[in-house]
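Below is protein_38.tsv, which holds TSV, C-alpha atoms.
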chain	number	residue	atom	x	y	z
A	1	MET	CA	77.80	55.31	94.33
A	2	ILE	CA	79.24	57.52	91.61
A	3	MET	CA	81.96	58.53	94.00
A	4	ASP	CA	82.85	54.87	94.65
A	5	GLN	CA	83.35	54.33	90.92
A	6	THR	CA	85.51	57.45	90.71
A	7	LEU	CA	87.66	56.34	93.64
A	8	ALA	CA	88.00	52.86	92.18
A	9	ALA	CA	89.13	54.31	88.86
A	10	LEU	CA	91.62	56.54	90.68
A	11	ARG	CA	93.05	53.56	92.54
A	12	ALA	CA	93.33	51.58	89.33
A	13	ALA	CA	95.26	54.36	87.65
A	14	PHE	CA	97.42	55.74	90.45
A	15	GLY	CA	97.57	53.08	93.13
A	16	GLU	CA	96.36	53.57	96.66
A	17	LEU	CA	95.60	57.21	97.54
A	18	PRO	CA	94.54	58.29	101.04
A	19	THR	CA	90.83	59.10	101.04
A	20	SER	CA	88.46	60.21	103.74
A	21	GLU	CA	84.85	61.23	104.04
A	22	PHE	CA	83.22	63.79	106.27
A	23	ARG	CA	79.52	64.63	106.20
A	24	GLY	CA	79.10	63.25	102.72
A	25	GLN	CA	82.11	65.04	101.27
A	26	THR	CA	84.88	62.92	99.83
A	27	ARG	CA	88.50	63.96	100.00
A	28	VAL	CA	91.51	62.53	98.21
A	29	VAL	CA	95.12	63.31	99.03
A	30	ALA	CA	97.26	63.27	95.92
A	31	PRO	CA	101.06	63.19	95.97
A	32	ALA	CA	102.64	66.43	94.77
A	33	ALA	CA	104.64	64.68	92.04
A	34	THR	CA	101.59	63.26	90.26
A	35	ALA	CA	98.95	65.80	91.31
A	36	HIS	CA	98.65	67.23	87.81
A	37	GLU	CA	98.08	63.76	86.34
A	38	VAL	CA	95.47	62.97	89.00
A	39	LEU	CA	93.60	66.21	88.32
A	40	GLY	CA	93.84	65.69	84.57
A	41	PHE	CA	92.49	62.16	84.98
A	42	LEU	CA	89.58	63.43	87.07
A	43	LYS	CA	88.76	66.05	84.47
A	44	GLU	CA	89.15	63.98	81.28
A	45	ARG	CA	87.94	60.55	82.42
A	46	GLU	CA	85.68	61.19	85.39
A	47	GLY	CA	83.94	64.34	84.15
A	48	PHE	CA	84.98	66.79	86.85
A	49	ASP	CA	84.79	69.65	84.40
A	50	LEU	CA	84.37	72.51	86.87
A	51	LEU	CA	87.15	73.84	89.11
A	52	VAL	CA	85.25	75.50	91.93
A	53	ASP	CA	88.18	76.77	93.96
A	54	VAL	CA	91.88	76.49	94.56
A	55	THR	CA	92.92	77.48	98.05
A	56	CYS	CA	95.46	76.59	100.67
A	57	VAL	CA	95.79	75.83	104.37
A	58	ASP	CA	98.90	76.49	106.42
A	59	TYR	CA	99.36	73.67	108.93
A	60	LEU	CA	102.19	75.33	110.84
A	61	HIS	CA	101.77	74.51	114.56
A	62	TYR	CA	98.72	72.42	113.67
A	63	ARG	CA	98.15	69.59	116.10
A	64	GLY	CA	99.31	66.40	114.45
A	65	GLY	CA	100.22	68.14	111.24
A	66	LYS	CA	103.21	66.70	109.42
A	67	ASP	CA	103.22	68.79	106.24
A	68	ARG	CA	103.36	72.57	106.10
A	69	PHE	CA	100.86	73.47	103.36
A	70	GLY	CA	97.73	71.75	102.19
A	71	LEU	CA	96.76	72.90	98.71
A	72	VAL	CA	93.05	72.27	98.13
A	73	TYR	CA	91.33	71.80	94.78
A	74	LEU	CA	87.53	71.73	94.88
A	75	LEU	CA	86.16	69.95	91.82
A	76	ALA	CA	82.60	69.50	90.59
A	77	ASN	CA	81.01	67.33	87.94
A	78	THR	CA	78.29	69.39	86.30
A	79	ARG	CA	76.53	66.29	84.90
A	80	SER	CA	76.31	64.10	87.98
A	81	ASN	CA	76.59	66.94	90.53
A	82	ALA	CA	79.37	64.99	92.24
A	83	ARG	CA	81.91	67.00	94.16
A	84	LEU	CA	85.42	66.00	95.11
A	85	THR	CA	88.13	67.64	97.19
A	86	VAL	CA	91.71	66.95	96.11
A	87	ARG	CA	94.39	67.89	98.58
A	88	VAL	CA	98.11	68.15	97.87
A	89	MET	CA	100.59	68.51	100.71
A	90	LEU	CA	103.56	70.79	100.09
A	91	ASN	CA	106.55	71.68	102.22
A	92	ASP	CA	109.23	74.32	102.76
A	93	PRO	CA	111.49	75.50	101.33
A	94	GLN	CA	110.03	76.84	98.10
A	95	PRO	CA	106.67	75.07	98.05
A	96	ALA	CA	105.75	74.70	94.40
A	97	ILE	CA	103.58	72.61	92.13
A	98	ARG	CA	102.66	72.43	88.48
A	99	SER	CA	99.90	74.82	87.44
A	100	VAL	CA	96.51	73.48	86.32
A	101	VAL	CA	95.68	76.46	84.09
A	102	ASP	CA	96.15	74.15	81.09
A	103	LEU	CA	93.27	72.02	82.46
A	104	TRP	CA	90.91	74.71	83.80
A	105	GLU	CA	91.20	78.35	82.75
A	106	ALA	CA	89.50	79.20	86.04
A	107	ALA	CA	92.70	78.29	87.86
A	108	ASN	CA	94.45	81.40	86.57
A	109	TRP	CA	93.27	83.93	89.14
A	110	LEU	CA	92.76	81.30	91.85
A	111	GLU	CA	96.40	80.27	91.68
A	112	ARG	CA	97.46	83.90	91.62
A	113	GLU	CA	95.56	84.42	94.86
A	114	VAL	CA	97.23	81.40	96.48
A	115	TRP	CA	100.61	82.74	95.35
A	116	ASP	CA	99.71	86.17	96.73
A	117	MET	CA	98.64	84.95	100.15
A	118	PHE	CA	100.73	81.81	100.73
A	119	GLY	CA	103.68	82.07	98.35
A	120	ILE	CA	103.05	78.74	96.65
A	121	GLY	CA	104.78	78.73	93.27
A	122	PHE	CA	102.86	77.41	90.25
A	123	ALA	CA	105.16	76.19	87.50
A	124	GLY	CA	103.79	76.87	84.05
A	125	HIS	CA	101.37	79.59	85.15
A	126	PRO	CA	101.06	82.15	82.33
A	127	ASP	CA	100.95	85.25	84.56
A	128	LEU	CA	101.95	84.58	88.16
A	129	ARG	CA	101.67	88.04	89.74
A	130	ARG	CA	100.10	89.28	92.95
A	131	ILE	CA	96.37	89.72	92.48
A	132	LEU	CA	95.11	91.43	95.67
A	133	LEU	CA	98.06	92.96	97.46
A	134	PRO	CA	100.12	95.77	95.95
A	135	GLU	CA	103.04	94.76	93.76
A	136	PRO	CA	105.83	95.97	96.09
A	137	PHE	CA	104.55	93.77	98.93
A	138	THR	CA	107.15	91.16	99.79
A	139	ALA	CA	105.53	88.92	102.44
A	140	PHE	CA	102.83	86.24	102.18
A	141	PRO	CA	100.35	87.36	104.82
A	142	LEU	CA	98.17	84.27	105.26
A	143	ARG	CA	101.13	82.17	106.34
A	144	LYS	CA	100.86	81.44	110.03
A	145	ASP	CA	104.31	82.83	110.78
A	146	TYR	CA	103.31	86.26	109.47
A	147	PRO	CA	102.14	88.60	112.27
A	148	LEU	CA	98.54	89.78	112.10
A	149	GLN	CA	99.51	93.45	112.28
A	150	GLY	CA	102.14	93.03	109.63
A	151	ARG	CA	105.76	94.04	109.60
A	152	GLY	CA	105.19	97.78	109.20
A	153	GLU	CA	103.94	97.71	105.61
A	154	ARG	CA	100.89	99.74	106.55
A	155	HIS	CA	103.11	102.60	107.78
A	156	ASN	CA	105.38	102.64	104.76
A	157	PHE	CA	103.96	105.67	102.96
A	158	PRO	CA	105.03	109.29	102.48
A	159	VAL	CA	103.35	111.77	104.81
A	160	LEU	CA	101.66	114.71	103.12
A	161	HIS	CA	101.79	118.04	104.92
A	162	ARG	CA	99.70	121.12	104.36
A	163	ALA	CA	102.42	123.19	102.75
A	164	GLU	CA	103.08	120.55	100.14
A	165	GLY	CA	99.57	120.94	98.80
B	1	MET	CA	77.46	144.39	99.70
B	2	ALA	CA	74.96	144.81	102.45
B	3	LEU	CA	75.36	142.50	105.39
B	4	GLU	CA	72.29	143.02	107.46
B	5	GLU	CA	72.13	140.30	110.02
B	6	LYS	CA	74.79	140.61	112.66
B	7	GLY	CA	74.63	136.94	113.61
B	8	ASP	CA	75.43	135.75	110.13
B	9	SER	CA	77.91	138.36	108.99
B	10	PRO	CA	81.69	138.19	109.22
B	11	HIS	CA	83.15	139.35	112.46
B	12	LEU	CA	83.04	143.14	112.55
B	13	PRO	CA	85.78	144.93	114.41
B	14	GLU	CA	84.39	147.38	116.90
B	15	ARG	CA	85.33	150.91	116.12
B	16	PRO	CA	84.63	153.67	118.57
B	17	GLY	CA	82.44	156.27	117.08
B	18	GLY	CA	81.39	153.97	114.29
B	19	CYS	CA	81.88	154.52	110.61
B	20	CYS	CA	78.71	153.05	109.24
B	21	ALA	CA	76.69	155.52	107.28
B	22	GLN	CA	73.22	154.66	108.48
B	23	MET	CA	70.25	154.69	106.19
B	24	GLY	CA	67.46	154.16	108.64
B	25	THR	CA	68.49	151.10	110.64
B	26	VAL	CA	70.16	149.24	107.78
B	27	PRO	CA	73.88	149.93	107.44
B	28	PHE	CA	74.69	151.27	104.02
B	29	PHE	CA	78.18	149.87	104.15
B	30	GLN	CA	80.06	148.02	106.75
B	31	PRO	CA	83.80	147.77	107.30
B	32	THR	CA	85.30	144.32	107.74
B	33	ARG	CA	88.49	142.46	107.15
B	34	LEU	CA	88.90	140.98	103.70
B	35	ASP	CA	89.94	137.67	105.28
B	36	ALA	CA	86.68	137.52	107.22
B	37	LEU	CA	84.64	138.27	104.15
B	38	VAL	CA	86.42	135.62	102.08
B	39	SER	CA	86.08	133.03	104.83
B	40	TRP	CA	82.39	133.88	105.14
B	41	CYS	CA	81.99	133.16	101.45
B	42	ARG	CA	84.01	129.97	101.58
B	43	LYS	CA	82.38	128.39	104.59
B	44	TYR	CA	78.90	128.38	103.08
B	45	SER	CA	79.93	126.79	99.82
B	46	LEU	CA	81.97	123.75	100.74
B	47	TRP	CA	82.10	121.27	97.89
B	48	PRO	CA	82.64	117.80	99.37
B	49	MET	CA	84.67	115.08	97.73
B	50	PRO	CA	83.07	111.82	98.90
B	51	PHE	CA	85.88	109.35	99.49
B	52	ALA	CA	83.47	106.64	100.63
B	53	THR	CA	84.99	103.19	100.98
B	54	ALA	CA	82.72	101.43	103.46
B	55	CYS	CA	79.50	101.64	105.45
B	56	CYS	CA	80.25	105.24	106.49
B	57	GLY	CA	79.69	106.03	102.84
B	58	ILE	CA	76.06	104.95	103.22
B	59	GLU	CA	75.60	107.44	106.05
B	60	LEU	CA	77.34	110.02	103.89
B	61	MET	CA	74.76	109.40	101.18
B	62	ALA	CA	71.98	109.71	103.74
B	63	THR	CA	73.48	113.02	104.84
B	64	GLY	CA	73.32	114.25	101.28
B	65	ALA	CA	69.79	112.99	100.72
B	66	SER	CA	66.62	114.92	101.37
B	67	ARG	CA	65.80	113.76	104.89
B	68	HIS	CA	68.96	115.10	106.55
B	69	ASP	CA	69.70	117.50	103.72
B	70	ILE	CA	73.22	118.83	104.03
B	71	ALA	CA	72.15	121.50	101.53
B	72	ARG	CA	70.84	123.48	104.49
B	73	PHE	CA	74.49	124.10	105.35
B	74	GLY	CA	75.71	124.89	101.88
B	75	ALA	CA	77.69	121.69	101.38
B	76	GLU	CA	75.38	119.76	99.10
B	77	VAL	CA	77.43	119.92	95.90
B	78	PHE	CA	79.15	116.55	95.98
B	79	ARG	CA	81.58	116.30	93.12
B	80	PHE	CA	83.34	113.14	92.04
B	81	SER	CA	86.23	115.03	90.55
B	82	PRO	CA	88.74	116.19	93.15
B	83	ARG	CA	89.57	119.20	91.00
B	84	GLN	CA	86.14	120.65	91.74
B	85	CYS	CA	86.15	120.02	95.49
B	86	ASP	CA	87.51	121.70	98.57
B	87	LEU	CA	86.35	119.34	101.34
B	88	MET	CA	87.43	115.73	101.39
B	89	ILE	CA	85.23	113.45	103.50
B	90	VAL	CA	87.08	110.18	104.11
B	91	ALA	CA	84.29	107.78	104.98
B	92	GLY	CA	85.37	104.24	105.74
B	93	ARG	CA	88.49	102.18	106.18
B	94	VAL	CA	91.43	102.84	103.92
B	95	VAL	CA	93.65	99.90	103.04
B	96	MET	CA	97.28	100.22	102.11
B	97	LYS	CA	96.50	99.67	98.44
B	98	MET	CA	94.01	102.55	98.54
B	99	LEU	CA	96.17	105.04	100.43
B	100	PRO	CA	98.26	106.15	97.42
B	101	VAL	CA	94.97	106.81	95.64
B	102	LEU	CA	93.73	108.84	98.60
B	103	GLN	CA	96.92	110.89	98.67
B	104	ARG	CA	96.77	111.49	94.96
B	105	ILE	CA	93.16	112.67	95.13
B	106	TRP	CA	94.07	114.94	98.04
B	107	GLN	CA	96.88	116.47	96.03
B	108	GLN	CA	94.57	117.00	93.06
B	109	MET	CA	92.18	119.13	95.12
B	110	PRO	CA	92.81	122.86	94.78
B	111	GLU	CA	93.60	125.05	97.76
B	112	PRO	CA	92.05	126.00	100.07
B	113	LYS	CA	90.92	122.55	101.10
B	114	TRP	CA	89.88	120.74	104.24
B	115	CYS	CA	89.50	117.15	105.31
B	116	ILE	CA	86.96	115.44	107.54
B	117	SER	CA	87.84	111.97	108.79
B	118	MET	CA	84.47	110.29	109.21
B	119	GLY	CA	84.05	107.33	111.51
B	120	ALA	CA	86.27	105.11	113.61
B	121	CYS	CA	88.00	103.37	110.71
B	122	ALA	CA	89.10	106.47	108.86
B	123	SER	CA	90.27	108.07	112.10
B	124	THR	CA	92.01	105.13	113.79
B	125	GLY	CA	91.60	101.97	111.74
B	126	GLY	CA	88.73	100.91	113.98
B	127	VAL	CA	88.53	97.21	114.68
B	128	PHE	CA	90.62	96.44	111.62
B	129	ASP	CA	94.02	96.31	113.29
B	130	THR	CA	95.55	94.18	110.55
B	131	TYR	CA	98.52	94.32	108.24
B	132	CYS	CA	96.73	95.95	105.33
B	133	VAL	CA	94.51	98.59	106.98
B	134	VAL	CA	95.92	102.07	107.54
B	135	GLN	CA	95.53	102.99	111.22
B	136	GLY	CA	94.07	106.44	110.67
B	137	VAL	CA	94.34	108.54	107.52
B	138	ASP	CA	95.70	111.45	109.56
B	139	ARG	CA	99.04	109.66	109.59
B	140	PHE	CA	99.47	110.40	105.93
B	141	ILE	CA	97.24	113.35	105.01
B	142	PRO	CA	96.26	116.42	107.05
B	143	VAL	CA	92.88	116.09	108.77
B	144	ASP	CA	90.87	119.01	110.16
B	145	LEU	CA	88.02	117.25	111.92
B	146	TYR	CA	87.34	113.78	113.23
B	147	VAL	CA	83.83	112.40	113.49
B	148	PRO	CA	83.47	109.55	116.00
B	149	GLY	CA	81.01	106.75	115.44
B	150	CYS	CA	80.68	103.42	113.73
B	151	PRO	CA	79.20	104.69	111.53
B	152	PRO	CA	78.37	108.23	112.66
B	153	ARG	CA	74.80	109.40	112.29
B	154	PRO	CA	74.11	112.01	109.63
B	155	GLU	CA	73.52	114.55	112.39
B	156	GLN	CA	77.09	114.03	113.58
B	157	LEU	CA	78.46	114.62	110.09
B	158	ILE	CA	76.35	117.75	109.75
B	159	GLN	CA	77.69	118.91	113.10
B	160	SER	CA	81.21	118.40	111.81
B	161	VAL	CA	80.42	120.53	108.77
B	162	VAL	CA	79.10	123.25	111.07
B	163	ASP	CA	82.23	122.96	113.22
B	164	LEU	CA	84.36	123.21	110.11
B	165	GLN	CA	82.47	126.35	109.11
B	166	GLU	CA	83.32	127.86	112.49
B	167	LYS	CA	86.94	126.86	112.05
B	168	ILE	CA	87.13	128.43	108.60
B	169	GLN	CA	85.55	131.64	109.87
B	170	ARG	CA	87.85	131.74	112.87
B	171	GLU	CA	91.19	131.29	111.20
B	172	GLY	CA	90.64	131.54	107.45
B	173	THR	CA	92.74	133.95	105.41
B	174	LEU	CA	92.58	135.08	101.82
B	175	ARG	CA	95.85	133.46	100.82
B	176	GLY	CA	95.66	130.43	103.10
B	177	LYS	CA	98.32	131.54	105.56
B	178	GLU	CA	96.74	129.41	108.25
B	179	PHE	CA	97.69	126.23	106.40
B	180	HIS	CA	101.38	127.07	106.74
B	181	GLU	CA	101.40	127.54	110.49
B	182	PRO	CA	103.86	125.31	112.34
B	183	SER	CA	101.08	123.80	114.43
B	184	ARG	CA	99.56	122.31	111.26
B	185	GLN	CA	102.89	120.96	110.01
B	186	ARG	CA	103.68	118.75	112.95
B	187	PRO	CA	104.26	115.08	112.27
B	188	ASN	CA	101.37	112.79	112.82
B	189	ARG	CA	100.30	111.68	116.23
B	190	ALA	CA	101.81	108.60	117.76
B	191	LEU	CA	103.22	107.37	114.47
B	192	GLN	CA	106.63	106.79	115.90
B	193	GLU	CA	105.23	104.96	118.92
B	194	GLU	CA	103.08	102.74	116.76
B	195	GLN	CA	105.96	101.73	114.56
B	196	GLY	CA	107.62	100.19	117.57
B	197	ASP	CA	104.88	97.64	118.12
Please express what this file holds, its structure, as structure tokens.
Amino acid sequence: MIMDQTLAALRAAFGELPTSEFRGQTRVVAPAATAHEVLGFLKEREGFDLLVDVTCVDYLHYRGGKDRFGLVYLLANTRSNARLTVRVMLNDPQPAIRSVVDLWEAANWLEREVWDMFGIGFAGHPDLRRILLPEPFTAFPLRKDYPLQGRGERHNFPVLHRAEG
Amino acid sequence: MALEEKGDSPHLPERPGGCCAQMGTVPFFQPTRLDALVSWCRKYSLWPMPFATACCGIELMATGASRHDIARFGAEVFRFSPRQCDLMIVAGRVVMKMLPVLQRIWQQMPEPKWCISMGACASTGGVFDTYCVVQGVDRFIPVDLYVPGCPPRPEQLIQSVVDLQEKIQREGTLRGKEFHEPSRQRPNRALQEEQGD
């Protein structure tokens, strides 16, 4: 019921957006160009004040997949307990989107993790560095075209011998 | 220094005729090599550095606790400063972000020092054959003993300490000459083969 009102308000403001529902969870696909406006609208007008997670899915070789990356924002309304998934499809080369740190401070580290693992650029992020992997790492290991055993990064260390102490 | 019990004393070279001045049945003095004496002192006071990164670390704690009681073998003084330790126990998987830390801690330990690689992950990477997990710490630091198991039981770790004591007694020298032998300088096993995968 609450979700119907939210979706109706979204349609009124941004036109027709693809929506779907699975086991009581509602999903909205927002276009990359206006994703920041959609998320800002959901926060300011519809009360989705909590950003639960920002994560990403790589749809390379996915059956029926047309876009490469699906950026996922999980939102929650702490008053009505409503939850909404907003998905933004991004593509090579240089997948990038505007950061939402100005809306939710929680997005800071979440977007850093997505950058670290998938290489999605976030324009306007205050501190877009790797968060989990070491700084010299160059690849984005959760992309599907990255081999599971890596490209030799795990062997790229000096070898200590006894005589060297 | 009176060393009464033959079974526990440093190896005594046999000398025909003997040179022990006997007082009753207890030798008043006993000739030995200085290396053997020093190794005998070292092997019963190993100070472990617990480099515990995963579930092997829990077994390492159990080994140090009262039930299994590694103090019976003189290795109970766990120190969390590498500068006070001479036995590094690598317990658990080591990821590529942790390996520079491991190498730095190893370099901070004073000589003579030894390393036990505890468990499947520390020795080979275990089931974690992924881009970020080091496939055996012996590729990058010298390792004296490997303990199999996932995780090993405390008895196995204690056995490795006993084996290390034997190794120290067998080859230990006052100035650590054994660490400079060519057989201990060889490059790490199978590293070149693995890099081709």
Exercise for the section: Go ahead and compute the interatomic distance for CA of Leu84 in chain A and CA of Thr26 in chain A, in Å to one decimal. Expected result: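 Those two atoms sit 5.7 Å apart.
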May I ask you to extract the residues of chain B within 8 Å of chain A, using only C-alpha atoms, and to give them as a PDB file with C-alpha atoms, keeping the file's coordinate frame?
ATOM      1  CA  MET B  96      97.280 100.220 102.110  1.00  0.00           C
ATOM      2  CA  LYS B  97      96.500  99.670  98.440  1.00  0.00           C
ATOM      3  CA  PRO B 100      98.260 106.150  97.420  1.00  0.00           C
ATOM      4  CA  GLN B 103      96.920 110.890  98.670  1.00  0.00           C
ATOM      5  CA  GLN B 107      96.880 116.470  96.030  1.00  0.00           C
ATOM      6  CA  GLU B 111      93.600 125.050  97.760  1.00  0.00           C
ATOM      7  CA  ASP B 129      94.020  96.310 113.290  1.00  0.00           C
ATOM      8  CA  THR B 130      95.550  94.180 110.550  1.00  0.00           C
ATOM      9  CA  TYR B 131      98.520  94.320 108.240  1.00  0.00           C
ATOM     10  CA  CYS B 132      96.730  95.950 105.330  1.00  0.00           C
ATOM     11  CA  VAL B 133      94.510  98.590 106.980  1.00  0.00           C
ATOM     12  CA  VAL B 134      95.920 102.070 107.540  1.00  0.00           C
ATOM     13  CA  GLN B 135      95.530 102.990 111.220  1.00  0.00           C
ATOM     14  CA  ARG B 139      99.040 109.660 109.590  1.00  0.00           C
ATOM     15  CA  PHE B 140      99.470 110.400 105.930  1.00  0.00           C
ATOM     16  CA  ILE B 141      97.240 113.350 105.010  1.00  0.00           C
ATOM     17  CA  PRO B 142      96.260 116.420 107.050  1.00  0.00           C
ATOM     18  CA  PHE B 179      97.690 126.230 106.400  1.00  0.00           C
ATOM     19  CA  HIS B 180     101.380 127.070 106.740  1.00  0.00           C
ATOM     20  CA  ARG B 184      99.560 122.310 111.260  1.00  0.00           C
ATOM     21  CA  GLN B 185     102.890 120.960 110.010  1.00  0.00           C
ATOM     22  CA  GLN B 195     105.960 101.730 114.560  1.00  0.00           C
TER      23      GLN B 195
END
Handout entry: Neighbours of point (86.8, 77.5, 92.5) within 8 Å, using only C-alpha atoms, written as a count of residues only
Key = 11
Practice task
For CA of Ala96 in chain A and CA of Gly65 in chain A, determine how far apart the two atoms are, in Å to one decimal place.
Solution key: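 Distance between the two atoms: 18.9 Å.
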Practice task
Can you pull out every residue within 10 Å of Leu90 in chain A, counting all atoms listed in the file, but drop anything in the same chain fewer than 6 positions away, and send it as a PyMOL selection string?
Solution key: chain A and resi 31-32+56+58+67-71+96-97+120
Practice task
Write out as a ChimeraX atom specification the residues lying within 12 Å of Met61 in chain B, counting all atoms listed in the file and excluding same-chain residues fewer than 5 positions away.
Solution key: /B:48-56,66-70,76,78,89,91,153-154,157
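Nearest-residue note for Pro112 in chain B: choosing from B:Asp144, B:Asp86, B:Glu155, B:Asp163, the minimum distance belongs to B:Asp86, counting only C-alpha atoms.
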